[in-house]
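Notes to accompany the following structure.
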Amino acid sequence: MEIDPTEHEIADLGPKIKDVDDADELREMLAAEEDGEDRVPVKTLIEDRLETVEGEDEEVDPGDADLDDMTVADVANMVRDVEDIAVLEDLLEREKAGQDRKTAKSQIEGRIDTLRDSDDDEDEEVVIEDPEEKYPDLDHPTADKKHVRALEDGDYRDMWVYCETQQGQLIDVSREMLGKARELMDGYNDEYGESESVIAVLIGDGVGELAEECIAYGADRVIYLEDERLDRFRHTPYTRIFCDMARNGGHPFGREDRAEDDWRDYDEPRYTVFPATNNGRDLSALAQAEFDSGLASDCSDLFIEPADISNPAKTGKPGETVEFQRVLHMKRPDFSGFEYSTILCLDKPGREFHPQGASVIPGSFDVPDPDPEREGEVIEHEMPLDDDWFKVEVTDYDQLEGGVDLTGNEVVVALGRGIGSDPTEGIELGLDLVDQFEEADLGLSRGVITASYQFAGHVEQYVTEERQIGESGQEVEPAVYIAAGISGAVQHKVGMDESDTIIAINTDADADIVDFSDYFIQGDLFEILPELTDSLENGELDIQALAGGASDD
Amino acid sequence: MTDDYEHYEAVVVGAGPGGAAAAATLAQNGVETLVLERGVESGSKNVSGGLIYAEESAPYTIDGLFPNFRTEASERPVTEYYLHNVAGRKVKTIDLTDLHEHDTMWSDAVLRRHMDSWLEDRVHEVTRETGGGLLTGVRVDGLLREAGEIVGVTCEELDPIKADAIIAADGVNSELARDAGLMDWEDPEEWFQGVKAIVDMPEGAVAERFGVADDEGVAHLFSGDLFEGVRGGGFLYTNDDSLSIGTVFHLDSLVAEEAEPHELLDALLTHPLLDQWLQGEYEELEYGAKLVPDSKKAAHPSPHRGRLMLVGDAAGQMQAQGPIIKGMNHAVSAGALAAEAFSEAQTRDRPAEAGQRYETKLRDEGVMKKLRPTPYKIASAVGENDAVASMTDSLVDSSLGKLGIKAADRLGLLGRSFNSPFVMSVMPDTRTPYVTAPTAIAEALGTPVRAENDVEPPDLADRIGDLTYDVGDPHIELQDNSYEASGAAVAACPVSAKDFGGGCYRDETVKTNGHEEHLVSLDTQPCVECGTCAIVADTEWEHPAGGKGVEFKQG
């Protein structure tokens, strides 16, 4: 023994001991220290050096190494170089059968974990502990959940858009979603070098004929199923059909006899998008629950981007930030629109959350210009429809009044507070004039609707806010707009200014409306309106002759 | 479920100067403060005459609380102050700069949209630091109570919010003050109504036409016979590149005379005296209106209840010191004092004492004394007695009175008494100081104005049309639509007029079953939310939802 540790302070010993390469000599030093001052830091120092030296010169074959003969440090050094999990597992078994040292076992297990992780193309093995075991003190309301239908290692592709129809037509939000889906997937394919598609889904009675329209609005493929029993939306059949379409043949939770689609090689959609309408909300919730994924409801924006996530529940790696790819960001208004949150639907270790699903508030996106030249594939989906699904019968339904739509008329006859001296007769005269035209209707100024006028029963039905023209009502641009007894406040003007020809009838030649009318008739509408009606009836109307006032163009 | 409501240490309702002062002071004291403002932006709901004062005797000033206020948020300082007594074309001008400068550190003209939105940014910053913040577009519509105690506020847009202190700085039409039963909208005598036009000035015109440098400005007041005998007066303040020209009248007098506020404003705008400043050009940027509480009568001496404290207009804290009207400065003081009071009470772990501490501070700091001067109580008892008033009127109007005026002027007494803060604060609310005396002064001493003023202010329909509205659901409900109950609103409402169908209130004659009824109908679309009709008509009056209703761009 060249160096007697008992003769040295630990500070001197550190540099000196580095030069000792002989394990036996180190053991001798260790023994000397133990017999002498038995200082713990000194022993650690020597042991450390011993481990280093032994690791260097002993090339132990882990396959037949005698663990009983090895210190924990030896074991640690040995396993560091082992790449074969089977060998490690064998070592672990032998350690358990032998000294069963906890520290040794953890060294071997740690190495196994590392290797497993890199096998999974991930860096580290994550120990998934049941939350019920991890937090025994908390309630676990979902602990007895019976169905976990998420896939393991599923293949997901494409963006599926549920296109809702009403009365045989696509509703606007369906077009809006298709346009947005097109934009998103074009960007996605560029970004990731993929060629994934927009899939439109149509379910209903006679919906197949809308397939071409879906393609024109941006779909690459349209999958439809039509059946006369599907004329109205019902939970069960619509959900069953949507899910059957989405799950490819051979799906562990799908219909057993479902054939595999020849046009695809994936299990489920990557993304699903539904309208946030009454029916769309129902379907989206049920379908996404069946897929055992999540749903961001009532979204106002969507985009696809990578996301840096540091939540260990998702990454499995506490303290690390992991970039998730191809994440659908689903932005939705919170607190009545005072704040927005962006919802992400991310897989987590041991559990996949796909499809990433959203429902979209109608009007959030623009209706795209349809491209009738666009080409796409139309696929009729075939599946048996179980009678049981139609147990709920729609016995009656009512079409809500669509309201009065004044746009699209050739002529609009609008009445203002000039009718005040006899409001009922004023409405009657207006209606008489309306009757002289093929496509015409009655409009009212806000001043009439908010007045305290009493109307006789037969005209009262016409005095509703639906007929209001102006800033807070409808905006119309008919070929001819006849404004009787309307002064022409700015708020009214914005509702009718674009009309081709504006004819104003007013007792006041200074009324604002005169400034933006083509023809102005000064006079009492109670006299002028019947005159107009009569002349039209007799086929002798000459607007030029009647027009007595100034015009601006 | 009430336990789930969000809780803040303090909630401030309204982000005008009072609310801003309160919120900033709370935040400086480390109080977690949430500020709720119903406009799309602070200032979008606010109109003021347009002068803010910093008083030497005040406990707080706005630039003390918000450094750089004067350089960034206000317009020109008022460095000259005149009162014009008008009788026809005759005008006698009295320099009131001394009165104006009494106890005044500085006084600036302001435009409220610009000023309040600037304050909003500062308040947002400081309140965020203590865990709170500021939300716009949220209308607080009432008090949240538990077991009869006020514990928070309810909002139209959000769930109720609980707080240990609620500072209501929600303005002259404070719904919280009324919910708490502290203020009411009953008596027209307690109120003034102001209408104002913001008039564009070409670049450099203010300096040239008013003879002021860039860092100077002028205030002109007008009284006399140009307002059809309605008690009140007019004002003109110079902003950076515009003018604030308006009129303020006692509401009871407006109602009694059935006067149209917009016509009275036009009477001022078209008076020959204004030609020197308008010079034939007139571009109106905005028409606005507001109720002004008369603090002598309306200021609540004990403006708190439970956790609720009222500041500014909400508590009637608007001081009319003769021709000089001070409101915003008192709101600033009151807001900061209320915040101080809560912070002190909270530190002592007795937050319930905040209200009483606030009341004491208002008194000790002299704010309440300015708002409700004791001598006025005595003077009004005599001066507002009808018999005495008409005697004073006829005396002033008589040749004897006029002789007296001339003598007084020669002796320099006239200017001196107008410049006495004491005389001005005890002036009774009769025709004498507003109409009779100024008219008599002008007739006796005035010089005729020879210029012609041919500007044409826009008509009411265009004024309404030029305002920005986001029409929501009707926020005012007519409880009684008979002309007797609510007809006064047709004239008094600043956006309504007789024989005008485009306003809020329209009188209508309706024939039913052979007999005629004189009714009033209401359309809240053009409403400028001044609150006049809440007092003069039979209504259920609320503010529009957050972000809805009129949006002032100037204010």
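Scheme for the structure tokens: letters A, B, ... for chains in order shown; per-chain residue numbers from 1; ligand numbers from 1 in order shown.
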
- Query: Near chain A, which residues of chain B fall within 6 Å when you count only C-alpha atoms, and what do they look like as a VMD selection string?
  - Reply: chain B and resid 465 521 523

- Residue contacts of region 26-30 of chain B (10 Å, only C-alpha atoms) excluding same-chain residues fewer than 5 positions away, as a list of chain:residue names: B:Glu9, B:Ala10, B:Val11, B:Val12, B:Ala20, B:Ala21, B:Leu65, B:Val123, B:Glu125, B:Val126, B:Thr127, B:Arg128, B:Glu129, B:Thr130, B:Gly131, B:Gly132, B:Gly133, B:Gly335, B:Ala336, B:Leu337, B:Ala338, B:Ala339, B:Glu340, B:Ala341, B:Phe342, B:Ser343, B:Glu344, B:Thr347

- Query: If you run DSSP on the backbone, which residues of region 121-222 of chain B are strand (DSSP E), as JSON, numbers by chain?
  - Reply: {"B": [133, 134, 135, 136, 140, 141, 142, 143, 144, 145, 146, 149, 150, 151, 152, 153, 154, 155, 161, 162, 163, 164, 165, 166, 167, 168, 191, 192, 193, 194, 195, 196, 197, 198, 199, 200, 218, 219, 220, 221, 222]}

Take the residues that were just selected and, keeping N, CA and C atoms, output them as a short mmCIF file (atom, residue, chain, number, x, y, z; two decimals), in the first residue's frame.
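What follows is the written file result18.cif:
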```cif
data_model
loop_
_atom_site.label_atom_id
_atom_site.label_comp_id
_atom_site.auth_asym_id
_atom_site.auth_seq_id
_atom_site.Cartn_x
_atom_site.Cartn_y
_atom_site.Cartn_z
N GLY B 133 -57.97 43.08 -12.65
CA GLY B 133 -57.92 43.47 -14.05
C GLY B 133 -59.11 44.34 -14.39
N LEU B 134 -59.28 44.58 -15.67
CA LEU B 134 -60.37 45.43 -16.12
C LEU B 134 -61.04 44.76 -17.31
N LEU B 135 -62.36 44.65 -17.25
CA LEU B 135 -63.12 44.07 -18.35
C LEU B 135 -64.04 45.13 -18.91
N THR B 136 -64.03 45.29 -20.24
CA THR B 136 -64.98 46.21 -20.85
C THR B 136 -66.14 45.40 -21.41
N VAL B 140 -72.84 45.87 -15.23
CA VAL B 140 -73.28 45.46 -13.89
C VAL B 140 -74.70 45.96 -13.73
N ASP B 141 -75.62 45.04 -13.44
CA ASP B 141 -77.03 45.46 -13.42
C ASP B 141 -77.67 45.39 -12.05
N GLY B 142 -76.89 45.05 -11.03
CA GLY B 142 -77.52 45.04 -9.71
C GLY B 142 -76.57 44.54 -8.65
N LEU B 143 -77.08 44.51 -7.44
CA LEU B 143 -76.27 44.07 -6.30
C LEU B 143 -76.60 42.62 -5.99
N LEU B 144 -75.59 41.87 -5.63
CA LEU B 144 -75.78 40.49 -5.19
C LEU B 144 -75.94 40.53 -3.68
N ARG B 145 -77.02 39.92 -3.21
CA ARG B 145 -77.25 39.95 -1.77
C ARG B 145 -77.32 38.53 -1.23
N GLU B 146 -76.86 38.37 -0.02
CA GLU B 146 -77.05 37.11 0.70
C GLU B 146 -77.62 37.46 2.06
N GLU B 149 -77.77 41.02 2.92
CA GLU B 149 -76.53 41.81 2.92
C GLU B 149 -75.97 41.89 1.51
N ILE B 150 -75.42 43.06 1.17
CA ILE B 150 -74.79 43.22 -0.13
C ILE B 150 -73.46 42.49 -0.11
N VAL B 151 -73.28 41.54 -1.03
CA VAL B 151 -72.02 40.76 -1.03
C VAL B 151 -71.30 40.82 -2.38
N GLY B 152 -71.93 41.45 -3.37
CA GLY B 152 -71.28 41.48 -4.68
C GLY B 152 -72.17 42.15 -5.68
N VAL B 153 -71.87 41.88 -6.96
CA VAL B 153 -72.65 42.49 -8.03
C VAL B 153 -73.14 41.41 -8.99
N THR B 154 -74.23 41.71 -9.65
CA THR B 154 -74.70 40.84 -10.73
C THR B 154 -74.46 41.56 -12.05
N CYS B 155 -74.20 40.76 -13.09
CA CYS B 155 -73.90 41.35 -14.39
C CYS B 155 -74.79 40.71 -15.44
N ILE B 161 -70.47 38.26 -9.23
CA ILE B 161 -69.11 38.33 -8.68
C ILE B 161 -69.21 38.85 -7.26
N LYS B 162 -68.53 38.15 -6.36
CA LYS B 162 -68.54 38.59 -4.95
C LYS B 162 -67.32 39.45 -4.67
N ALA B 163 -67.46 40.33 -3.70
CA ALA B 163 -66.34 41.19 -3.35
C ALA B 163 -66.51 41.68 -1.92
N ASP B 164 -65.38 41.99 -1.29
CA ASP B 164 -65.42 42.55 0.06
C ASP B 164 -65.76 44.02 0.03
N ALA B 165 -65.45 44.65 -1.10
CA ALA B 165 -65.83 46.06 -1.27
C ALA B 165 -66.34 46.24 -2.69
N ILE B 166 -67.40 47.00 -2.81
CA ILE B 166 -67.95 47.31 -4.13
C ILE B 166 -67.96 48.82 -4.25
N ILE B 167 -67.20 49.33 -5.20
CA ILE B 167 -67.19 50.78 -5.40
C ILE B 167 -67.97 51.07 -6.66
N ALA B 168 -69.12 51.74 -6.47
CA ALA B 168 -69.99 52.05 -7.60
C ALA B 168 -69.58 53.41 -8.14
N TRP B 191 -81.69 68.09 -10.53
CA TRP B 191 -80.86 67.75 -11.69
C TRP B 191 -80.70 68.91 -12.67
N PHE B 192 -79.58 68.90 -13.33
CA PHE B 192 -79.39 69.70 -14.54
C PHE B 192 -79.35 68.74 -15.71
N GLN B 193 -79.64 69.27 -16.90
CA GLN B 193 -79.38 68.48 -18.10
C GLN B 193 -78.45 69.30 -19.00
N GLY B 194 -77.39 68.67 -19.46
CA GLY B 194 -76.48 69.35 -20.35
C GLY B 194 -76.51 68.71 -21.73
N VAL B 195 -76.42 69.53 -22.77
CA VAL B 195 -76.19 68.99 -24.11
C VAL B 195 -74.96 69.70 -24.67
N LYS B 196 -74.26 69.02 -25.53
CA LYS B 196 -72.99 69.57 -25.97
C LYS B 196 -72.71 69.17 -27.41
N ALA B 197 -72.12 70.08 -28.14
CA ALA B 197 -71.65 69.76 -29.49
C ALA B 197 -70.13 69.88 -29.48
N ILE B 198 -69.46 68.92 -30.09
CA ILE B 198 -68.02 69.05 -30.31
C ILE B 198 -67.87 69.59 -31.73
N VAL B 199 -67.22 70.74 -31.83
CA VAL B 199 -67.14 71.42 -33.13
C VAL B 199 -65.69 71.38 -33.61
N ASP B 200 -65.52 70.90 -34.82
CA ASP B 200 -64.18 70.79 -35.39
C ASP B 200 -63.61 72.19 -35.66
N VAL B 218 -59.17 78.77 -23.41
CA VAL B 218 -60.15 79.72 -22.89
C VAL B 218 -61.43 79.00 -22.54
N ALA B 219 -62.11 79.50 -21.52
CA ALA B 219 -63.48 79.07 -21.23
C ALA B 219 -64.37 80.30 -21.31
N HIS B 220 -65.49 80.16 -21.99
CA HIS B 220 -66.48 81.22 -22.06
C HIS B 220 -67.80 80.69 -21.53
N LEU B 221 -68.46 81.48 -20.71
CA LEU B 221 -69.80 81.11 -20.25
C LEU B 221 -70.79 82.13 -20.76
N PHE B 222 -72.02 81.68 -20.92
CA PHE B 222 -73.05 82.56 -21.50
C PHE B 222 -74.32 82.47 -20.66
#
```

- Gly110 (chain A): which residues within 10 Å, counting only C-alpha atoms, same-chain residues fewer than 4 positions away excluded, as a list in words?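 Selected residues are Ala76, Val79, Arg80, Ala104, Lys105, Ser106, Thr114, Leu115, Arg116, Glu124 and Glu125 of chain A.
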
With C-alpha atoms retained, export the selected residues as a compact mmCIF listing (two decimals), in the first residue's frame.
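result36.txt, freshly written:
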```txt
# COMPACT_ATOMS: atom_id res chain seq x y z
CA ALA A 76 -24.27 -0.80 -12.64
CA VAL A 79 -25.49 -3.28 -17.37
CA ARG A 80 -24.65 0.08 -18.86
CA ALA A 104 -28.90 -3.74 -7.86
CA LYS A 105 -32.37 -4.55 -9.11
CA SER A 106 -33.13 -0.92 -9.73
CA THR A 114 -34.22 2.85 -21.08
CA LEU A 115 -33.97 0.19 -23.74
CA ARG A 116 -37.73 -0.32 -23.93
CA GLU A 124 -38.02 6.80 -21.77
CA GLU A 125 -40.45 4.30 -20.45
```

Find the residues near region 288-291 of chain A: any atom within 12 Å, counting only C-alpha atoms, skip ones fewer than 5 places away on the same chain, and give them as a PDB file with C-alpha atoms, in the first residue's frame.
```
ATOM      1  CA  HIS A 147     -66.094   0.790 -22.421  1.00  0.00           C
ATOM      2  CA  VAL A 148     -62.719   1.972 -23.394  1.00  0.00           C
ATOM      3  CA  ARG A 149     -62.846   1.922 -27.129  1.00  0.00           C
ATOM      4  CA  ALA A 150     -59.733   3.854 -27.926  1.00  0.00           C
ATOM      5  CA  LEU A 151     -57.387   2.105 -30.287  1.00  0.00           C
ATOM      6  CA  GLY A 154     -54.167   3.040 -34.411  1.00  0.00           C
ATOM      7  CA  THR A 236     -79.071   6.320 -32.623  1.00  0.00           C
ATOM      8  CA  THR A 239     -74.366   7.954 -34.573  1.00  0.00           C
ATOM      9  CA  ARG A 240     -74.181   4.293 -35.575  1.00  0.00           C
ATOM     10  CA  ILE A 241     -73.835   5.169 -39.219  1.00  0.00           C
ATOM     11  CA  PHE A 242     -71.256   7.876 -38.700  1.00  0.00           C
ATOM     12  CA  CYS A 243     -69.122   5.586 -36.554  1.00  0.00           C
ATOM     13  CA  ASP A 244     -69.473   2.677 -38.917  1.00  0.00           C
ATOM     14  CA  ALA A 246     -65.364   6.181 -39.770  1.00  0.00           C
ATOM     15  CA  ARG A 247     -64.115   2.831 -38.481  1.00  0.00           C
ATOM     16  CA  HIS A 251     -61.616  -2.408 -36.275  1.00  0.00           C
ATOM     17  CA  PRO A 252     -61.647  -4.007 -32.820  1.00  0.00           C
ATOM     18  CA  PHE A 253     -64.779  -2.136 -31.795  1.00  0.00           C
ATOM     19  CA  GLY A 254     -66.454  -1.882 -35.166  1.00  0.00           C
ATOM     20  CA  ASP A 267     -58.447   2.765 -38.872  1.00  0.00           C
ATOM     21  CA  GLU A 268     -60.116   6.020 -37.970  1.00  0.00           C
ATOM     22  CA  PRO A 269     -60.163   9.672 -39.032  1.00  0.00           C
ATOM     23  CA  ARG A 270     -57.349  11.867 -37.793  1.00  0.00           C
ATOM     24  CA  TYR A 271     -59.713  14.827 -37.414  1.00  0.00           C
ATOM     25  CA  THR A 272     -63.497  15.069 -37.293  1.00  0.00           C
ATOM     26  CA  VAL A 273     -65.430  18.310 -37.704  1.00  0.00           C
ATOM     27  CA  PHE A 274     -69.129  18.768 -36.980  1.00  0.00           C
ATOM     28  CA  GLY A 280     -74.499  18.567 -34.970  1.00  0.00           C
ATOM     29  CA  ARG A 281     -73.887  19.034 -31.263  1.00  0.00           C
ATOM     30  CA  ASP A 282     -75.811  15.849 -30.496  1.00  0.00           C
ATOM     31  CA  LEU A 283     -74.017  13.809 -33.108  1.00  0.00           C
ATOM     32  CA  ALA A 296     -64.054  20.695 -28.384  1.00  0.00           C
ATOM     33  CA  SER A 297     -67.552  22.004 -28.834  1.00  0.00           C
ATOM     34  CA  CYS A 345     -56.842  16.735 -28.014  1.00  0.00           C
ATOM     35  CA  GLU A 352     -54.799   7.448 -27.725  1.00  0.00           C
ATOM     36  CA  PHE A 353     -57.160  10.333 -28.202  1.00  0.00           C
ATOM     37  CA  HIS A 354     -58.237  10.244 -31.821  1.00  0.00           C
ATOM     38  CA  PRO A 355     -60.035  11.431 -33.842  1.00  0.00           C
ATOM     39  CA  GLN A 356     -59.342  14.986 -32.712  1.00  0.00           C
ATOM     40  CA  GLY A 357     -62.881  16.324 -32.894  1.00  0.00           C
ATOM     41  CA  ALA A 358     -64.484  19.759 -32.965  1.00  0.00           C
ATOM     42  CA  SER A 359     -67.861  21.277 -33.552  1.00  0.00           C
TER      43      SER A 359
END
```

- Shell around Ala534 (chain B) at 7 Å using only C-alpha atoms, local window under 5 positions removed, as a PyMOL selection string: chain B and resi 185+539+541

- Task: Would you mind telling me which residue in A:His329, A:Leu344, A:Tyr266, A:Ile528 lies nearest to Ser293 (chain A) when using only C-alpha atoms?
- Result: A:Leu344

Please provide as an mmCIF file with N, CA, C and O atoms, in the first residue's frame all residues within 9 Å of region 362-379 of chain B, with the sequence filter that same-chain residues fewer than 6 positions apart are discarded (counting only C-alpha atoms).
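New file result.cif:
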```cif
data_model
loop_
_atom_site.group_PDB
_atom_site.id
_atom_site.type_symbol
_atom_site.label_atom_id
_atom_site.label_comp_id
_atom_site.auth_asym_id
_atom_site.auth_seq_id
_atom_site.Cartn_x
_atom_site.Cartn_y
_atom_site.Cartn_z
ATOM 1 N N SER B 57 -56.871 72.397 -2.549
ATOM 2 C CA SER B 57 -57.308 71.879 -1.259
ATOM 3 C C SER B 57 -57.744 70.413 -1.318
ATOM 4 O O SER B 57 -58.139 69.854 -0.317
ATOM 5 N N ALA B 58 -57.683 69.806 -2.526
ATOM 6 C CA ALA B 58 -58.221 68.445 -2.643
ATOM 7 C C ALA B 58 -57.210 67.408 -2.143
ATOM 8 O O ALA B 58 -56.008 67.595 -2.270
ATOM 9 N N PRO B 59 -57.709 66.317 -1.562
ATOM 10 C CA PRO B 59 -56.798 65.270 -1.090
ATOM 11 C C PRO B 59 -56.101 64.538 -2.244
ATOM 12 O O PRO B 59 -55.009 64.014 -2.072
ATOM 13 N N ASP B 294 -77.248 67.993 -9.043
ATOM 14 C CA ASP B 294 -76.909 69.227 -8.334
ATOM 15 C C ASP B 294 -76.534 68.819 -6.918
ATOM 16 O O ASP B 294 -77.385 68.515 -6.100
ATOM 17 N N SER B 295 -75.234 68.818 -6.650
ATOM 18 C CA SER B 295 -74.768 68.251 -5.384
ATOM 19 C C SER B 295 -75.360 68.966 -4.179
ATOM 20 O O SER B 295 -75.523 68.380 -3.123
ATOM 21 N N LYS B 296 -75.711 70.238 -4.358
ATOM 22 C CA LYS B 296 -76.282 70.970 -3.226
ATOM 23 C C LYS B 296 -77.530 70.244 -2.707
ATOM 24 O O LYS B 296 -77.821 70.267 -1.540
ATOM 25 N N LYS B 297 -78.230 69.618 -3.668
ATOM 26 C CA LYS B 297 -79.463 68.935 -3.276
ATOM 27 C C LYS B 297 -79.318 67.424 -3.317
ATOM 28 O O LYS B 297 -79.977 66.684 -2.589
ATOM 29 N N ALA B 298 -78.482 66.930 -4.248
ATOM 30 C CA ALA B 298 -78.495 65.486 -4.515
ATOM 31 C C ALA B 298 -77.329 64.729 -3.884
ATOM 32 O O ALA B 298 -77.412 63.510 -3.727
ATOM 33 N N ALA B 299 -76.249 65.409 -3.526
ATOM 34 C CA ALA B 299 -75.091 64.656 -3.016
ATOM 35 C C ALA B 299 -75.489 63.905 -1.756
ATOM 36 O O ALA B 299 -76.007 64.498 -0.807
ATOM 37 N N PRO B 301 -75.170 62.478 1.710
ATOM 38 C CA PRO B 301 -74.228 62.777 2.793
ATOM 39 C C PRO B 301 -73.562 61.513 3.347
ATOM 40 O O PRO B 301 -72.520 61.595 3.992
ATOM 41 N N GLY B 316 -74.043 61.651 -6.622
ATOM 42 C CA GLY B 316 -74.499 63.035 -6.767
ATOM 43 C C GLY B 316 -73.403 64.050 -6.509
ATOM 44 O O GLY B 316 -73.678 65.201 -6.175
ATOM 45 N N GLN B 317 -72.141 63.655 -6.656
ATOM 46 C CA GLN B 317 -71.021 64.528 -6.286
ATOM 47 C C GLN B 317 -70.617 65.458 -7.425
ATOM 48 O O GLN B 317 -69.514 65.388 -7.948
ATOM 49 N N MET B 318 -71.530 66.303 -7.819
ATOM 50 C CA MET B 318 -71.273 67.234 -8.916
ATOM 51 C C MET B 318 -71.585 68.631 -8.421
ATOM 52 O O MET B 318 -72.720 68.967 -8.172
ATOM 53 N N GLN B 319 -70.526 69.421 -8.261
ATOM 54 C CA GLN B 319 -70.674 70.721 -7.616
ATOM 55 C C GLN B 319 -70.885 71.811 -8.651
ATOM 56 O O GLN B 319 -70.047 72.019 -9.520
ATOM 57 N N ALA B 320 -72.031 72.483 -8.545
ATOM 58 C CA ALA B 320 -72.271 73.639 -9.396
ATOM 59 C C ALA B 320 -72.014 74.871 -8.558
ATOM 60 O O ALA B 320 -72.813 75.244 -7.708
ATOM 61 N N GLN B 321 -70.833 75.465 -8.761
ATOM 62 C CA GLN B 321 -70.442 76.631 -7.973
ATOM 63 C C GLN B 321 -70.758 77.839 -8.831
ATOM 64 O O GLN B 321 -69.885 78.373 -9.504
ATOM 65 N N HIS B 330 -64.058 65.937 -8.020
ATOM 66 C CA HIS B 330 -64.608 65.359 -6.796
ATOM 67 C C HIS B 330 -64.724 63.844 -6.917
ATOM 68 O O HIS B 330 -64.545 63.108 -5.938
ATOM 69 N N SER B 333 -61.311 62.492 -6.090
ATOM 70 C CA SER B 333 -61.076 62.500 -4.649
ATOM 71 C C SER B 333 -61.870 61.399 -3.972
ATOM 72 O O SER B 333 -61.342 60.634 -3.157
ATOM 73 N N ALA B 334 -63.156 61.339 -4.318
ATOM 74 C CA ALA B 334 -64.033 60.377 -3.653
ATOM 75 C C ALA B 334 -63.580 58.944 -3.945
ATOM 76 O O ALA B 334 -63.538 58.091 -3.050
ATOM 77 N N LEU B 337 -60.511 58.220 -1.955
ATOM 78 C CA LEU B 337 -60.816 58.144 -0.528
ATOM 79 C C LEU B 337 -61.550 56.843 -0.192
ATOM 80 O O LEU B 337 -61.291 56.216 0.842
ATOM 81 N N ALA B 338 -62.456 56.435 -1.064
ATOM 82 C CA ALA B 338 -63.170 55.180 -0.831
ATOM 83 C C ALA B 338 -62.179 54.017 -0.831
ATOM 84 O O ALA B 338 -62.261 53.098 -0.004
ATOM 85 N N PHE B 422 -67.752 82.422 -2.530
ATOM 86 C CA PHE B 422 -68.801 82.329 -1.526
ATOM 87 C C PHE B 422 -70.150 82.739 -2.114
ATOM 88 O O PHE B 422 -71.119 82.015 -2.051
ATOM 89 N N SER B 425 -71.424 80.127 -4.492
ATOM 90 C CA SER B 425 -71.863 78.841 -3.970
ATOM 91 C C SER B 425 -73.208 78.953 -3.257
ATOM 92 O O SER B 425 -73.872 77.959 -3.046
ATOM 93 N N VAL B 426 -73.594 80.152 -2.897
ATOM 94 C CA VAL B 426 -74.868 80.257 -2.182
ATOM 95 C C VAL B 426 -75.967 80.849 -3.058
ATOM 96 O O VAL B 426 -77.076 81.065 -2.619
ATOM 97 N N MET B 427 -75.618 81.117 -4.312
ATOM 98 C CA MET B 427 -76.598 81.688 -5.245
ATOM 99 C C MET B 427 -77.841 80.807 -5.307
ATOM 100 O O MET B 427 -77.750 79.612 -5.559
ATOM 101 N N PRO B 428 -79.019 81.343 -5.094
ATOM 102 C CA PRO B 428 -80.220 80.497 -5.146
ATOM 103 C C PRO B 428 -80.567 80.077 -6.583
ATOM 104 O O PRO B 428 -80.179 80.749 -7.536
#
```

- Message: Applying 12 Å and only C-alpha atoms, which residues near Arg467 (chain A) remain after dropping the ones on its own chain fewer than 4 positions away? List them as a ChimeraX atom specification.
- Response: /A:403-407,412-416,441-449,461-463,472-476,495

- Message: Taking only C-alpha atoms into account, name the residue in B:Glu551, B:Glu542, B:Asp466, B:Asp214 that is nearest to Tyr287 (chain B).
- Response: B:Asp466

- Item | Nearest-residue call for Met330 (chain A), choices A:Asp262, A:Leu295, A:Glu164, A:Arg255, using only C-alpha atoms |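 Ranked by minimum distance to Met330 (chain A), first place goes to A:Leu295.
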
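The coordinates place CA of Gln169 (chain A) at 16.7 Å from CA of Asp369 (chain A).
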
- Item | Test item, alpha helix (DSSP H) assignment across region 224-266 of chain A, answer as a ChimeraX atom specification | /A:235-246
